[in-house]
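Source file: entry-v4.cif. Holds: mmCIF, C-alpha atoms.
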data_work
loop_
_atom_site.label_atom_id
_atom_site.label_comp_id
_atom_site.auth_asym_id
_atom_site.auth_seq_id
_atom_site.Cartn_x
_atom_site.Cartn_y
_atom_site.Cartn_z
CA MET R 279 -17.41 26.08 -31.77
CA THR R 280 -19.58 24.04 -34.09
CA ASP R 281 -23.20 23.22 -33.29
CA ALA R 282 -22.20 19.63 -32.56
CA GLN R 283 -19.48 20.76 -30.13
CA TYR R 284 -21.91 23.09 -28.36
CA ALA R 285 -24.43 20.26 -27.96
CA ARG R 286 -21.74 17.87 -26.77
CA ASN R 287 -20.50 20.33 -24.15
CA TYR R 288 -23.73 21.74 -22.77
CA LEU R 289 -26.86 20.03 -24.15
CA ILE R 290 -26.22 16.79 -22.32
CA ASP R 291 -28.31 14.63 -19.99
CA TYR R 292 -28.35 14.29 -16.21
CA GLN R 293 -26.25 11.14 -16.22
CA GLU R 294 -23.46 12.90 -18.13
CA LEU R 295 -23.74 15.91 -15.84
CA ASP R 296 -23.42 13.71 -12.76
CA ALA R 297 -20.27 12.25 -14.31
CA TRP R 298 -18.85 15.77 -14.66
CA VAL R 299 -19.45 16.35 -10.96
CA GLU R 300 -17.74 13.07 -10.10
CA ALA R 301 -14.78 14.02 -12.29
CA ALA R 302 -14.18 17.34 -10.50
CA ASP R 303 -10.62 17.28 -9.15
CA PRO R 304 -9.99 19.97 -6.51
CA VAL R 305 -6.29 19.07 -6.22
CA ALA R 306 -5.62 19.69 -9.92
CA TYR R 307 -7.86 22.76 -9.74
CA ALA R 308 -5.74 24.22 -6.93
CA GLN R 309 -2.54 23.60 -8.87
CA ASN R 310 -3.37 25.19 -12.21
CA ARG R 311 -6.76 26.94 -12.09
CA ASN R 312 -5.26 30.32 -13.04
CA TYR R 313 -3.86 29.05 -16.35
CA LEU R 314 -6.08 29.25 -19.42
CA ASN R 315 -5.52 25.53 -20.02
CA GLY R 316 -5.94 24.71 -16.33
CA ASN R 317 -8.13 22.04 -14.78
CA VAL R 318 -11.50 23.73 -14.20
CA THR R 319 -14.82 22.04 -13.49
CA ARG R 320 -16.92 23.45 -16.39
CA LEU R 321 -19.91 23.37 -14.02
CA SER R 322 -20.57 27.10 -13.73
CA PRO R 323 -23.43 27.36 -16.30
CA PHE R 324 -25.25 24.59 -14.48
CA ILE R 325 -24.74 26.25 -11.10
CA THR R 326 -25.89 29.66 -12.35
CA HIS R 327 -29.15 28.26 -13.64
CA GLY R 328 -29.88 26.07 -10.62
CA ILE R 329 -29.49 22.83 -12.57
CA LEU R 330 -26.84 21.86 -10.04
CA GLN R 331 -26.76 23.03 -6.43
CA LEU R 332 -23.53 24.03 -4.70
CA PRO R 333 -24.24 21.97 -1.54
CA GLY R 334 -24.59 18.82 -3.65
CA ILE R 335 -21.41 19.49 -5.64
CA LEU R 336 -19.38 20.20 -2.51
CA ALA R 337 -20.71 17.09 -0.77
CA ALA R 338 -19.73 14.98 -3.78
CA VAL R 339 -16.22 16.43 -3.83
CA LEU R 340 -15.74 16.10 -0.04
CA SER R 341 -16.73 12.44 -0.27
CA ARG R 342 -13.52 11.86 -2.28
CA PHE R 343 -11.13 14.53 -0.98
CA SER R 344 -10.27 16.11 2.37
CA PRO R 345 -11.35 19.66 3.24
CA ALA R 346 -7.72 20.79 2.94
CA GLN R 347 -7.52 19.36 -0.58
CA CYS R 348 -10.76 21.14 -1.49
CA GLU R 349 -9.78 24.53 -0.06
CA ARG R 350 -9.21 26.39 -3.34
CA LEU R 351 -12.37 25.01 -4.93
CA MET R 352 -14.31 25.86 -1.77
CA ALA R 353 -12.95 29.41 -2.02
CA GLU R 354 -14.40 29.68 -5.52
CA PHE R 355 -17.76 28.45 -4.23
CA ALA R 356 -17.50 30.89 -1.31
CA TRP R 357 -16.96 33.80 -3.71
CA ARG R 358 -20.15 32.82 -5.53
CA GLU R 359 -22.19 32.70 -2.31
CA TYR R 360 -20.57 35.88 -1.01
CA PHE R 361 -21.68 37.72 -4.15
CA GLN R 362 -25.22 36.34 -3.73
CA TYR R 363 -25.33 37.57 -0.14
CA GLN R 364 -24.01 40.96 -1.24
CA TRP R 365 -26.89 41.14 -3.71
CA LEU R 366 -29.40 40.27 -1.00
CA GLN R 367 -27.99 43.00 1.24
CA GLN R 368 -27.34 45.68 -1.41
CA ALA R 369 -30.27 44.92 -3.76
CA GLU R 370 -30.19 47.36 -6.72
CA GLY R 371 -26.99 48.84 -5.32
CA ILE R 372 -24.88 46.18 -7.05
CA PHE R 373 -25.66 47.82 -10.41
CA SER R 374 -24.04 51.13 -9.46
CA ASP R 375 -20.74 52.09 -7.81
CA LEU R 376 -20.87 50.58 -4.32
CA VAL R 377 -18.13 52.36 -2.37
CA ARG R 378 -16.63 55.03 -4.61
CA ALA R 379 -16.67 56.30 -8.17
CA GLN R 380 -14.47 54.44 -10.62
CA PRO R 381 -11.19 56.37 -10.58
CA SER R 382 -10.27 55.81 -14.24
CA ALA R 383 -13.66 56.15 -15.93
CA LEU R 384 -13.74 58.70 -18.76
CA TYR R 385 -16.24 56.96 -21.06
CA LYS R 386 -19.57 55.20 -20.70
CA GLN R 387 -19.56 53.20 -23.91
CA PRO R 388 -16.96 50.45 -24.47
CA ALA R 389 -14.09 50.70 -26.91
CA ARG R 390 -14.93 49.19 -30.31
CA ALA R 391 -11.60 47.33 -30.49
CA LEU R 392 -12.36 45.36 -27.31
CA ILE R 393 -15.87 44.42 -28.41
CA ASN R 394 -14.69 43.47 -31.92
CA ALA R 395 -11.61 41.51 -30.79
CA SER R 396 -9.18 43.88 -32.49
CA SER R 397 -7.22 45.28 -29.55
CA GLY R 398 -3.92 43.79 -30.72
CA ILE R 399 -3.46 41.88 -27.44
CA ASP R 400 -3.67 38.35 -28.84
CA VAL R 401 -4.94 36.57 -25.73
CA ILE R 402 -7.60 39.23 -25.12
CA ASP R 403 -8.81 39.10 -28.73
CA ASP R 404 -8.84 35.29 -28.76
CA SER R 405 -10.81 35.28 -25.49
CA VAL R 406 -13.40 37.70 -26.90
CA ARG R 407 -13.85 35.52 -29.99
CA GLN R 408 -14.27 32.47 -27.77
CA LEU R 409 -16.79 34.36 -25.66
CA THR R 410 -18.99 35.45 -28.56
CA GLN R 411 -18.83 32.08 -30.32
CA ARG R 412 -19.03 29.71 -27.34
CA GLY R 413 -20.40 31.68 -24.42
CA TYR R 414 -17.32 30.89 -22.36
CA ILE R 415 -14.25 32.74 -21.15
CA HIS R 416 -11.81 31.58 -18.48
CA ASN R 417 -12.12 33.35 -15.11
CA HIS R 418 -8.60 34.77 -15.33
CA ALA R 419 -9.26 36.09 -18.82
CA ARG R 420 -12.42 37.76 -17.48
CA LEU R 421 -10.26 39.73 -15.05
CA TRP R 422 -7.83 40.71 -17.82
CA LEU R 423 -10.69 41.76 -20.06
CA ALA R 424 -12.34 43.82 -17.31
CA PHE R 425 -8.97 45.46 -16.56
CA MET R 426 -8.58 46.37 -20.23
CA HIS R 427 -12.04 47.94 -20.36
CA CYS R 428 -11.91 49.76 -17.02
CA HIS R 429 -8.33 50.91 -16.67
CA VAL R 430 -6.66 50.77 -20.09
CA ALA R 431 -9.66 51.86 -22.19
CA LYS R 432 -10.89 54.00 -19.25
CA THR R 433 -14.51 52.89 -19.56
CA HIS R 434 -16.99 52.77 -16.69
CA TRP R 435 -17.59 49.14 -15.80
CA PHE R 436 -21.38 48.93 -16.20
CA GLU R 437 -21.87 48.74 -19.98
CA PRO R 438 -18.97 46.30 -20.56
CA ALA R 439 -20.41 44.19 -17.73
CA ARG R 440 -23.78 44.07 -19.53
CA TRP R 441 -21.99 43.02 -22.71
CA LEU R 442 -20.12 40.19 -20.96
CA PHE R 443 -23.31 39.06 -19.20
CA TYR R 444 -25.10 38.93 -22.56
CA HIS R 445 -22.65 36.41 -24.00
CA LEU R 446 -21.81 34.23 -20.98
CA LEU R 447 -23.60 30.93 -20.59
CA ASP R 448 -22.80 31.12 -16.88
CA GLY R 449 -23.57 34.83 -16.47
CA ASP R 450 -24.84 35.38 -12.94
CA LEU R 451 -25.99 38.92 -12.21
CA ALA R 452 -24.35 39.11 -8.79
CA SER R 453 -21.07 37.38 -9.67
CA ASN R 454 -20.70 39.23 -12.95
CA PHE R 455 -21.49 42.79 -11.90
CA LEU R 456 -19.77 42.58 -8.53
CA SER R 457 -16.65 41.08 -10.11
CA TRP R 458 -16.51 44.04 -12.49
CA GLN R 459 -16.80 46.38 -9.51
CA TRP R 460 -13.96 44.50 -7.79
CA VAL R 461 -11.73 45.04 -10.85
CA ALA R 462 -12.84 48.65 -11.33
CA GLY R 463 -12.19 49.54 -7.71
CA THR R 464 -15.73 50.75 -7.00
CA SER R 465 -16.44 48.15 -4.29
CA ARG R 466 -13.08 48.56 -2.55
CA ASN R 467 -10.23 51.07 -2.36
CA ARG R 468 -7.92 49.42 -4.88
CA ILE R 469 -8.07 48.25 -8.48
CA TYR R 470 -7.04 45.06 -10.28
CA THR R 471 -4.19 45.35 -12.78
CA ALA R 472 -2.41 43.00 -15.18
CA ASN R 473 0.41 43.55 -17.64
CA GLN R 474 1.64 41.63 -20.66
CA ASP R 475 4.01 39.52 -18.55
CA ASN R 476 1.11 38.35 -16.37
CA ILE R 477 -1.04 37.50 -19.39
CA ASN R 478 1.85 35.66 -21.07
CA LYS R 479 2.59 33.64 -17.93
CA TYR R 480 -0.93 32.31 -17.44
CA SER R 481 -1.73 31.84 -21.13
CA HIS R 482 1.63 30.27 -22.11
CA THR R 483 2.18 32.94 -24.76
CA LEU R 484 5.15 35.13 -25.64
CA GLN R 485 3.69 38.34 -27.06
CA THR R 486 5.81 41.47 -26.46
CA ASN R 487 5.98 45.15 -27.43
CA THR R 488 2.30 45.81 -26.76
CA PHE R 489 0.87 48.90 -25.06
CA ILE R 490 0.54 46.90 -21.81
CA ASP R 491 4.09 45.49 -22.01
CA LEU R 492 4.93 47.74 -19.07
CA THR R 493 5.78 47.55 -15.40
CA TYR R 494 2.91 47.96 -12.97
CA PRO R 495 3.95 51.52 -11.97
CA GLN R 496 4.06 52.43 -15.67
CA LEU R 497 0.54 51.03 -16.15
CA GLU R 498 -0.80 53.46 -13.57
CA ASP R 499 0.31 56.46 -15.65
CA MET R 500 -0.40 55.22 -19.17
CA GLU R 501 -2.39 57.29 -21.62
CA LEU R 502 -5.38 55.99 -23.54
CA PRO R 503 -4.12 53.81 -26.42
CA GLN R 504 -5.17 55.17 -29.80
CA CYS R 505 -6.84 51.88 -30.72
CA PHE R 506 -9.42 52.51 -27.97
CA ALA R 507 -10.45 55.98 -29.11
CA GLN R 508 -13.41 54.72 -31.19
CA ARG R 509 -16.58 54.16 -29.14
CA ASP R 510 -19.91 52.68 -30.12
CA GLU R 511 -23.31 52.57 -28.48
CA LEU R 512 -23.61 49.07 -27.08
CA ALA R 513 -26.09 47.03 -29.15
CA LEU R 514 -27.28 43.85 -27.45
CA PRO R 515 -30.07 42.21 -29.49
CA PHE R 516 -33.10 41.51 -27.29
CA SER R 517 -34.79 38.17 -27.84
CA LEU R 518 -37.12 35.90 -25.93
CA PRO R 519 -38.26 32.32 -26.50
CA GLU R 520 -41.84 31.57 -27.45
CA SER R 521 -44.43 31.05 -24.77
CA HIS R 522 -45.87 27.54 -24.52
CA PHE R 523 -48.48 27.79 -21.80
CA ASP R 524 -52.04 26.56 -21.57
CA SER R 525 -53.88 27.10 -18.30
CA GLN R 526 -56.17 24.19 -19.22
CA ARG R 527 -53.19 21.88 -18.70
CA LEU R 528 -52.96 22.83 -15.02
CA SER R 529 -54.27 19.57 -13.62
CA HIS R 530 -53.17 20.09 -10.01
CA ASN R 531 -54.02 22.68 -7.36
CA THR R 532 -50.38 23.64 -6.77
CA THR R 533 -48.05 25.24 -9.30
CA LEU R 534 -44.27 25.42 -8.95
CA CYS R 535 -43.07 28.68 -10.49
CA TYR R 536 -39.56 28.25 -11.91
CA SER R 537 -37.22 31.05 -12.94
CA VAL R 538 -34.22 30.73 -15.25
CA TRP R 539 -32.11 30.70 -12.05
CA ASN R 540 -33.93 27.65 -10.69
CA LEU R 541 -34.04 24.78 -13.18
CA ASP R 542 -33.65 22.16 -10.47
CA HIS R 543 -35.19 18.89 -11.67
CA LYS R 544 -35.14 17.55 -8.09
CA TRP R 545 -37.33 20.35 -6.73
CA HIS R 546 -40.46 18.67 -5.30
CA ARG R 547 -39.64 15.65 -7.44
CA GLY R 548 -42.54 13.22 -7.61
CA ALA R 549 -45.06 15.69 -6.19
CA ALA R 550 -48.48 16.17 -7.80
CA VAL R 551 -47.85 19.74 -8.99
CA ASN R 552 -47.91 21.85 -12.13
CA ARG R 553 -44.55 23.17 -13.31
CA VAL R 554 -44.18 26.48 -15.17
CA LEU R 555 -41.03 28.38 -16.12
CA ILE R 556 -41.84 32.10 -16.00
CA ILE R 557 -39.69 34.35 -18.21
CA GLU R 558 -40.32 38.03 -17.55
CA PRO R 559 -39.48 40.36 -20.48
CA ASP R 560 -38.69 43.38 -18.28
CA LEU R 561 -35.66 41.65 -16.73
CA PHE R 562 -34.22 40.59 -20.07
CA GLN R 563 -34.83 43.93 -21.72
CA ARG R 564 -32.61 45.41 -19.06
CA PHE R 565 -30.10 42.55 -19.10
CA PRO R 566 -30.41 40.73 -22.46
CA ILE R 567 -28.90 37.31 -23.00
CA SER R 568 -27.75 35.64 -26.21
CA PRO R 569 -29.70 33.14 -28.33
CA LEU R 570 -27.01 30.58 -27.48
CA ARG R 571 -27.86 30.94 -23.82
CA TRP R 572 -31.61 30.75 -24.41
CA ARG R 573 -30.99 27.48 -26.18
CA PHE R 574 -29.13 26.19 -23.12
CA ILE R 575 -31.90 27.34 -20.75
CA LEU R 576 -34.70 25.78 -22.80
CA HIS R 577 -32.81 22.51 -23.19
CA TRP R 578 -32.64 22.07 -19.42
CA ALA R 579 -36.11 23.46 -18.72
CA ASN R 580 -37.66 20.97 -21.11
CA LYS R 581 -35.91 18.11 -19.34
CA ILE R 582 -38.17 18.75 -16.32
CA GLU R 583 -41.24 16.56 -16.77
CA GLY R 584 -44.46 18.47 -17.40
CA MET R 585 -42.77 21.87 -17.72
CA GLN R 586 -44.69 24.66 -19.43
CA ILE R 587 -43.09 27.96 -20.43
CA PHE R 588 -44.82 31.27 -19.84
CA VAL R 589 -43.25 34.40 -21.35
CA GLY R 590 -44.67 37.50 -19.72
CA GLU R 591 -44.76 39.36 -16.43
CA PHE R 592 -45.74 37.44 -13.31
CA SER R 593 -48.89 39.52 -12.76
CA ARG R 594 -50.19 38.50 -16.20
CA PHE R 595 -49.39 34.87 -15.48
CA GLU R 596 -51.24 35.04 -12.18
CA HIS R 597 -54.34 36.50 -13.82
CA GLN R 598 -54.61 33.45 -16.08
CA LEU R 599 -54.79 31.01 -13.19
CA PRO R 600 -57.83 29.66 -11.35
CA ALA R 601 -58.33 31.39 -8.01
CA SER R 602 -57.75 28.10 -6.21
CA GLN R 603 -54.17 27.70 -7.43
CA ARG R 604 -51.45 27.63 -4.77
CA LEU R 605 -48.18 29.10 -6.08
CA ILE R 606 -44.69 28.19 -4.85
CA HIS R 607 -41.36 29.66 -5.95
CA ARG R 608 -37.77 29.74 -4.76
CA GLU R 609 -36.33 32.93 -3.33
CA HIS R 610 -34.22 35.02 -5.71
CA PRO R 611 -33.59 38.78 -5.95
CA THR R 612 -35.21 38.89 -9.40
CA THR R 613 -38.45 37.32 -8.13
CA VAL R 614 -39.14 39.32 -4.96
CA HIS R 615 -42.41 40.55 -6.51
CA TRP R 616 -43.74 37.05 -7.17
CA ARG R 617 -46.72 36.15 -5.02
CA GLY R 618 -47.31 32.85 -3.27
CA SER R 619 -45.19 30.72 -0.96
CA ARG R 620 -41.47 31.48 -1.08
CA GLU R 621 -38.99 28.69 -0.39
CA PRO R 622 -35.32 29.36 0.40
CA ARG R 623 -32.52 28.71 -2.03
CA ARG R 624 -29.94 26.11 -1.08
CA PHE R 625 -26.68 27.64 0.13
CA VAL R 626 -23.61 25.92 1.54
CA TRP R 627 -22.88 28.55 4.19
CA PRO R 628 -25.37 30.70 6.09
CA CYS R 629 -25.73 34.38 5.35
CA PRO R 630 -24.07 36.50 8.05
CA ASP R 631 -26.51 38.47 10.20
CA GLU R 632 -24.33 41.57 10.06
CA PRO R 633 -23.52 43.55 6.89
CA LEU R 634 -20.73 41.98 4.82
CA LYS R 635 -17.40 43.75 5.24
CA GLY R 636 -15.47 42.08 2.45
CA PHE R 637 -14.87 38.58 1.18
CA PHE R 638 -12.05 37.54 3.46
CA PRO R 639 -13.90 37.82 6.79
CA PHE R 640 -16.62 35.67 5.21
CA TRP R 641 -14.00 33.22 3.88
CA HIS R 642 -12.32 32.88 7.27
CA LYS R 643 -15.65 31.74 8.75
CA VAL R 644 -16.01 29.22 5.92
CA LYS R 645 -12.52 27.83 6.56
CA ARG R 646 -13.18 27.47 10.28
CA ALA R 647 -16.41 25.60 9.53
CA HIS R 648 -14.47 23.04 7.48
CA GLN R 649 -11.31 23.12 9.60
CA CYS R 650 -9.16 23.99 6.59
#
Using the file provided, produce a representation of the structure as structure tokens.
Amino acid sequence: MTDAQYARNYLIDYQELDAWVEAADPVAYAQNRNYLNGNVTRLSPFITHGILQLPGILAAVLSRFSPAQCERLMAEFAWREYFQYQWLQQAEGIFSDLVRAQPSALYKQPARALINASSGIDVIDDSVRQLTQRGYIHNHARLWLAFMHCHVAKTHWFEPARWLFYHLLDGDLASNFLSWQWVAGTSRNRIYTANQDNINKYSHTLQTNTFIDLTYPQLEDMELPQCFAQRDELALPFSLPESHFDSQRLSHNTTLCYSVWNLDHKWHRGAAVNRVLIIEPDLFQRFPISPLRWRFILHWANKIEGMQIFVGEFSRFEHQLPASQRLIHREHPTTVHWRGSREPRRFVWPCPDEPLKGFFPFWHKVKRAHQC
């Protein structure tokens, strides 16, 4: 993707983004969402970073379509909220095997051929190139790729999940890491599998005679392909944007503390407040993100009037403020240590009081709420 294409797709303005929301077609989405050329919304990077809110998107879609027509798109939204609620309940647990050890894991580091797009499975290699160049990969291709890492290359899910998160523009910590666990079979008692026929069907390709051109029973017993023998230590370059913060510019007694997960330009819109995006190095040393994604984040942060950017830990930011400053932030698992007033995030469906027992009980409650 050229620089101009990247800007045209993601570095847009609010009016264009609103038009994307209005163009979302849940009927077409339901019909062909699993195909690589299917009708998808392209809204996920904006949802991940809080630029768009799921309740607003769903309300816009339901104003044009019935709940029954929106069912498949609502299911996708429900998965996203389900993963967020899992994170709230499991906390750090989402970054390690939740229910059981990964049954096929023999290696920690990913196979070089999958990282370098040289596996020989054309659709997988094309998807990896698209990911590293554009920060995007179709949801179905993400499942195929995770299957290849976890079950064909026999790699534990965590390091490949960090690698995917690094490149994705829409990488959400809960959705990404819990989806990998779902494929790996560490959050449930089954694994996700795909063979060449499945990949061909949903990518409209005809590749044959590959090492996954097998039946599903044959996949269960396959040996490690020789092309996946070479392993490398995962190298994810760590980078941060520059800090642009001056405490002398804090002209109001209240400061809204933004995170990269909350770039909502409507948050306290019109209020007499200071606005500061706080980027904490510790989080991004653990889970680095690409320069392409930083560019996306800064583009949307700088669209919020009066925004300053502070790069450093929250405690250091707090020490630079006058004692009279009132701090407000939105709840998020990565900001539980932030001081000040905490406001809730906007969800479509309430978090169950009891521990989550799988997606489908949660989804059934969602469907009843909308009479689907």
- Task: Counting all atoms listed in the file, write as number ranges by chain all protein and nucleic acid residues lying at most 9 Å from (-38.4, 34.1, -28.0) in the file's frame.
- Result: R: 517-521, 569, 572, 589
As a compact mmCIF listing (two decimals) with C-alpha atoms, in the coordinates of the input, please: the residues near Tyr292 (chain R) (cut-off 12 Å, all atoms listed in the file, same-chain neighbours under 3 positions excluded).
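selection-v1.txt was written with the following content:
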# COMPACT_ATOMS: atom_id res chain seq x y z
CA TYR R 288 -23.73 21.74 -22.77
CA LEU R 289 -26.86 20.03 -24.15
CA LEU R 295 -23.74 15.91 -15.84
CA ASP R 296 -23.42 13.71 -12.76
CA ALA R 297 -20.27 12.25 -14.31
CA TRP R 298 -18.85 15.77 -14.66
CA VAL R 299 -19.45 16.35 -10.96
CA PHE R 324 -25.25 24.59 -14.48
CA ILE R 329 -29.49 22.83 -12.57
CA LEU R 330 -26.84 21.86 -10.04
CA ASP R 542 -33.65 22.16 -10.47
CA HIS R 543 -35.19 18.89 -11.67
CA LYS R 544 -35.14 17.55 -8.09
CA HIS R 577 -32.81 22.51 -23.19
CA TRP R 578 -32.64 22.07 -19.42
CA LYS R 581 -35.91 18.11 -19.34
CA ILE R 582 -38.17 18.75 -16.32
- Computed interatomic separation between CA of Lys432 (chain R) and CA of Ile477 (chain R) (Å): 19.2 Å
- Item | For CA of Trp545 (chain R) and CA of Arg623 (chain R), the interatomic separation in Å (one decimal) | 10.7 Å
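For the pair CA of Ile557 (chain R) and CA of Leu605 (chain R), the interatomic distance is 15.7 Å.
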- Taking the file above as input, evaluate the PyMOL selection byres ((chain R and resi 570) around 9) and report the hits as a list in words.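 Given this file, the PyMOL selection byres ((chain R and resi 570) around 9) evaluates to Gln411, Arg412, Gly413, His445, Leu447, Ile567, Ser568, Pro569, Arg571, Trp572, Arg573, Phe574 and Ile575 of chain R.
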- Best match for closeness to Pro559 (chain R) among R:Ser344, R:Thr612, R:Gln387, R:Thr493, counting only C-alpha atoms: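 Closest to Pro559 (chain R) of all the choices is R:Thr612.
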Return as JSON the box centre and box size in Å, one decimal, for an axis-aligned box around all listed atoms of region 399-402 of chain R padded by 6 Å per side.
{"center_x": -5.5, "center_y": 39.2, "center_z": -27.0, "size_x": 16.1, "size_y": 17.3, "size_z": 15.7}
- So, counting all atoms listed in the file, which residue among R:Ser382, R:Gln586, R:Gln368, R:Thr613 is closest to Arg468 (chain R)?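 Closest to Arg468 (chain R), using all atoms listed in the file: R:Ser382.
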- Run the PyMOL selection byres ((chain R and resi 600) around 12) against the file shown and list the residues it catches, as a VMD selection string. chain R and resid 525 to 533 595 to 599 601 to 605
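Between Lys643 (chain R) and the residues R:Leu484, R:Ala356, R:Ile393, R:Cys348, the shortest atom-to-atom distance, using only C-alpha atoms, involves R:Ala356.
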Within 9 Å of region 332-335 of chain R using only C-alpha atoms, minus same-chain residues under 5 positions, as a PDB file with C-alpha atoms, keeping the file's coordinate frame:
ATOM      1  CA  VAL R 299     -19.450  16.350 -10.960  1.00  0.00           C
ATOM      2  CA  GLU R 300     -17.740  13.070 -10.100  1.00  0.00           C
ATOM      3  CA  ALA R 302     -14.180  17.340 -10.500  1.00  0.00           C
ATOM      4  CA  ILE R 325     -24.740  26.250 -11.100  1.00  0.00           C
ATOM      5  CA  LEU R 340     -15.740  16.100  -0.040  1.00  0.00           C
ATOM      6  CA  PHE R 355     -17.760  28.450  -4.230  1.00  0.00           C
ATOM      7  CA  ARG R 624     -29.940  26.110  -1.080  1.00  0.00           C
ATOM      8  CA  PHE R 625     -26.680  27.640   0.130  1.00  0.00           C
ATOM      9  CA  VAL R 626     -23.610  25.920   1.540  1.00  0.00           C
ATOM     10  CA  TRP R 627     -22.880  28.550   4.190  1.00  0.00           C
TER      11      TRP R 627
END
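Residues in contact with region 639-642 of chain R at up to 9 Å, not including ones fewer than 4 positions away on its chain and judged by only C-alpha atoms, are Ala353, Ala356, Trp357, Tyr360, Pro630, Leu634, Lys635, Arg646 and Ala647 of chain R.
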- So which one's closest to Gln347 (chain R), R:Leu321, R:Ala308, R:Val430, R:Leu409? Using only C-alpha atoms, please.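 Of the candidates, the smallest distance to Gln347 (chain R) is held by R:Ala308.
Across R:Val614, R:Ile399, R:Leu423, R:Cys629, the tightest approach to Ile490 (chain R) is made by R:Ile399 when counting all atoms listed in the file.
Within the file as shown, the PyMOL selection byres ((chain R and resi 451) around 10) identifies Thr326, Phe361, Gln362, Trp365, Ile372, Phe373, Ala439, Arg440, Phe443, Asp448, Gly449, Asp450, Ala452, Ser453, Asn454, Phe455, Leu456, Ser457, Phe565, Pro611 and Thr612 of chain R.
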- Can you pull out every residue within 10 Å of Pro622 (chain R), counting all atoms listed in the file, but drop anything in the same chain fewer than 4 positions away, and send it as a PyMOL selection string? chain R and resi 607-610
- Counting all atoms listed in the file, what is within 12 Å of Ser374 (chain R), bar same-chain residues fewer than 3 positions away, as a PyMOL selection string? chain R and resi 365+368-371+377-380+434-437+439+455-456+458-459+462+464-465
- Message: Between R:Trp539, R:Arg420, R:Ser397, R:Leu534, which residue has the minimum interatomic distance to Gln504 (chain R), considering only C-alpha atoms?
- Response: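 Closest residue, counting only C-alpha atoms: R:Ser397.
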Please complete region 402-413 of chain R with N, CA, C and O atoms and give it back as a short mmCIF file (atom, residue, chain, number, x, y, z; two decimals), in the coordinates of the input.
data_model
loop_
_atom_site.label_atom_id
_atom_site.label_comp_id
_atom_site.auth_asym_id
_atom_site.auth_seq_id
_atom_site.Cartn_x
_atom_site.Cartn_y
_atom_site.Cartn_z
N ILE R 402 -6.33 38.53 -25.32
CA ILE R 402 -7.60 39.23 -25.12
C ILE R 402 -8.51 39.03 -26.32
O ILE R 402 -9.70 38.69 -26.18
N ASP R 403 -7.98 39.23 -27.52
CA ASP R 403 -8.81 39.10 -28.73
C ASP R 403 -9.29 37.67 -28.92
O ASP R 403 -10.44 37.44 -29.28
N ASP R 404 -8.42 36.69 -28.66
CA ASP R 404 -8.84 35.29 -28.76
C ASP R 404 -9.93 34.97 -27.74
O ASP R 404 -10.88 34.24 -28.04
N SER R 405 -9.82 35.53 -26.53
CA SER R 405 -10.81 35.28 -25.49
C SER R 405 -12.16 35.88 -25.86
O SER R 405 -13.21 35.27 -25.61
N VAL R 406 -12.14 37.07 -26.48
CA VAL R 406 -13.40 37.70 -26.90
C VAL R 406 -14.06 36.87 -27.99
O VAL R 406 -15.28 36.67 -27.99
N ARG R 407 -13.28 36.37 -28.94
CA ARG R 407 -13.85 35.52 -29.99
C ARG R 407 -14.45 34.25 -29.39
O ARG R 407 -15.53 33.80 -29.78
N GLN R 408 -13.75 33.66 -28.44
CA GLN R 408 -14.27 32.47 -27.77
C GLN R 408 -15.57 32.79 -27.03
O GLN R 408 -16.53 32.01 -27.06
N LEU R 409 -15.60 33.94 -26.39
CA LEU R 409 -16.79 34.36 -25.66
C LEU R 409 -18.00 34.48 -26.57
O LEU R 409 -19.08 33.95 -26.29
N THR R 410 -17.85 35.19 -27.68
CA THR R 410 -18.99 35.45 -28.56
C THR R 410 -19.43 34.21 -29.34
O THR R 410 -20.59 34.08 -29.70
N GLN R 411 -18.50 33.28 -29.57
CA GLN R 411 -18.83 32.08 -30.32
C GLN R 411 -19.30 30.93 -29.43
O GLN R 411 -20.14 30.12 -29.84
N ARG R 412 -18.77 30.86 -28.20
CA ARG R 412 -19.03 29.71 -27.34
C ARG R 412 -19.73 30.04 -26.04
O ARG R 412 -20.15 29.15 -25.32
N GLY R 413 -19.79 31.32 -25.69
CA GLY R 413 -20.40 31.68 -24.42
C GLY R 413 -19.53 31.39 -23.22
O GLY R 413 -20.02 31.30 -22.09
#
